[in-house]
Amino acid sequence: MHRSWTGNGFVEAIFGSVDDGGWRVAQALVERDQDRYRGKDDEYDCLMLELVLSAIVLGQPAQELRSKLVELTRKAAGAADVPAGIVQHSALGCVRDRSFRPPIRWDRVVKASWSAVATEE
């Protein structure tokens, strides 16, 4: 895996086949050069690898992994009140739990904004 904003690789995973025809992570290496990746927590890095594979690559809800991510992040930050949605968005980008429904319909806001711009000309 690579950091999206630096392009630096920070996790390398080696996969092995399993008897049922699937795959599993057989080995994972994490970058520990602080100039390239500031992560120091093995538990967090293992969780992120599993979460990216489950939620992004396989498209699974991965709710248990998402909850663990929020728990670890809140603990590391010393802030129990950090909203779960912000933690998940910060770590995973726009990929989110499909059961989440934003309180604002952004598609309507954007459409209304474009309509206003078009009529001002």
# chains A, B, ... in the order shown; residues from 1 in each chain; ligands from 1
call {"tool": "residues_around", "arguments": {"residues": "Leu69 of chain A", "least_positions_apart": "4", "cutoff": "10 Å", "atoms": "only C-alpha atoms", "output": "list of chain:residue names"}}
result
A:Glu43, A:Tyr44, A:Leu47, A:Met48, A:Leu51, A:Gln63, A:Glu64, A:Leu65, A:Thr73, A:Arg74, A:Lys75, A:Ala84, A:Val87, A:Gln88, A:Ala91
call {"tool": "residues_around", "arguments": {"residues": "Ile14 of chain A", "least_positions_apart": "3", "cutoff": "8 Å", "atoms": "only C-alpha atoms", "output": "PDB file with N, CA, C and O atoms, in the first residue's frame"}}
result
ATOM      1  N   VAL A  25      -3.218 -13.180   3.886  1.00  0.00           N
ATOM      2  CA  VAL A  25      -1.942 -12.486   4.031  1.00  0.00           C
ATOM      3  C   VAL A  25      -1.010 -13.437   4.767  1.00  0.00           C
ATOM      4  O   VAL A  25      -1.269 -13.822   5.907  1.00  0.00           O
ATOM      5  N   ALA A  26       0.063 -13.831   4.102  1.00  0.00           N
ATOM      6  CA  ALA A  26       1.033 -14.743   4.703  1.00  0.00           C
ATOM      7  C   ALA A  26       2.104 -13.970   5.458  1.00  0.00           C
ATOM      8  O   ALA A  26       2.638 -14.447   6.456  1.00  0.00           O
ATOM      9  N   GLN A  27       2.406 -12.769   4.962  1.00  0.00           N
ATOM     10  CA  GLN A  27       3.434 -11.950   5.589  1.00  0.00           C
ATOM     11  C   GLN A  27       3.186 -10.497   5.210  1.00  0.00           C
ATOM     12  O   GLN A  27       2.742 -10.203   4.107  1.00  0.00           O
ATOM     13  N   ALA A  28       3.474  -9.604   6.139  1.00  0.00           N
ATOM     14  CA  ALA A  28       3.351  -8.172   5.858  1.00  0.00           C
ATOM     15  C   ALA A  28       4.559  -7.452   6.437  1.00  0.00           C
ATOM     16  O   ALA A  28       5.006  -7.753   7.552  1.00  0.00           O
TER      17      ALA A  28
END
call {"tool": "closest_residue", "arguments": {"among": "A:Pro83, A:Gly78, A:Gly39, A:Gly93", "to": "Trp5 of chain A", "atoms": "only C-alpha atoms"}}
result
A:Gly93
call {"tool": "closest_residue", "arguments": {"among": "A:Leu58, A:Val11, A:Leu92, A:Ala77", "to": "Asp45 of chain A", "atoms": "only C-alpha atoms"}}
result
A:Val11
call {"tool": "atom_distance", "arguments": {"atom1": "atom CA of Gly22 of chain A", "atom2": "atom CA of Gly7 of chain A"}}
result
28.9 Å
call {"tool": "residues_around", "arguments": {"residues": "Ala62 of chain A", "least_positions_apart": "5", "cutoff": "10 Å", "atoms": "only C-alpha atoms", "output": "compact mmCIF listing (two decimals) with C-alpha atoms, in the first residue's frame"}}
result
# COMPACT_ATOMS: atom_id res chain seq x y z
CA GLU A 50 -6.99 -5.69 6.87
CA LEU A 51 -9.45 -2.81 6.64
CA VAL A 52 -8.20 -1.63 3.24
CA LEU A 53 -8.34 -5.16 1.87
CA SER A 54 -11.81 -5.82 3.33
CA ALA A 55 -13.54 -2.48 2.79
CA ILE A 56 -11.86 -1.09 -0.32
CA SER A 67 -15.11 0.19 15.02
CA ARG A 96 -17.45 4.62 3.92
CA ASP A 97 -19.86 2.33 5.61
call {"tool": "atom_distance", "arguments": {"atom1": "atom CA of Thr6 of chain A", "atom2": "atom CA of Val82 of chain A"}}
result
25.3 Å
call {"tool": "atom_distance", "arguments": {"atom1": "atom CA of Arg3 of chain A", "atom2": "atom CA of Asp35 of chain A"}}
result
12.9 Å
call {"tool": "closest_residue", "arguments": {"among": "A:Glu71, A:Cys46, A:Asp20, A:Asp41", "to": "Met1 of chain A", "atoms": "only C-alpha atoms"}}
result
A:Cys46
call {"tool": "select_by_dssp", "arguments": {"residues": "segment 17-74 of chain A", "states": "strand (DSSP E or B)", "output": "list of chain:residue names"}}
result
A:Ser17, A:Trp23, A:Arg24, A:Val25, A:Ala26, A:Gln27, A:Ala28, A:Leu29, A:Val30
call {"tool": "write_last_selection", "arguments": {"atoms": "N, CA, C and O atoms", "output": "CSV table (one decimal), in the first residue's frame"}}
result
chain,number,residue,atom,x,y,z
A,17,SER,N,-2.1,-18.9,-0.9
A,17,SER,CA,-3.4,-19.5,-1.2
A,17,SER,C,-3.8,-20.4,0.0
A,17,SER,O,-3.0,-20.8,0.8
A,23,TRP,N,-7.4,-16.6,-0.6
A,23,TRP,CA,-6.1,-16.1,-0.3
A,23,TRP,C,-6.0,-15.5,1.1
A,23,TRP,O,-7.1,-15.1,1.6
A,24,ARG,N,-4.9,-15.5,1.7
A,24,ARG,CA,-4.7,-14.9,3.0
A,24,ARG,C,-3.4,-14.1,3.0
A,24,ARG,O,-2.5,-14.4,2.2
A,25,VAL,N,-3.2,-13.2,3.9
A,25,VAL,CA,-1.9,-12.5,4.0
A,25,VAL,C,-1.0,-13.4,4.8
A,25,VAL,O,-1.3,-13.8,5.9
A,26,ALA,N,0.1,-13.8,4.1
A,26,ALA,CA,1.0,-14.7,4.7
A,26,ALA,C,2.1,-14.0,5.5
A,26,ALA,O,2.6,-14.4,6.5
A,27,GLN,N,2.4,-12.8,5.0
A,27,GLN,CA,3.4,-11.9,5.6
A,27,GLN,C,3.2,-10.5,5.2
A,27,GLN,O,2.7,-10.2,4.1
A,28,ALA,N,3.5,-9.6,6.1
A,28,ALA,CA,3.4,-8.2,5.9
A,28,ALA,C,4.6,-7.5,6.4
A,28,ALA,O,5.0,-7.8,7.6
A,29,LEU,N,5.1,-6.5,5.7
A,29,LEU,CA,6.2,-5.7,6.1
A,29,LEU,C,5.8,-4.2,6.1
A,29,LEU,O,5.1,-3.8,5.2
A,30,VAL,N,6.1,-3.5,7.2
A,30,VAL,CA,5.7,-2.2,7.4
A,30,VAL,C,6.9,-1.3,7.4
A,30,VAL,O,7.9,-1.6,8.1
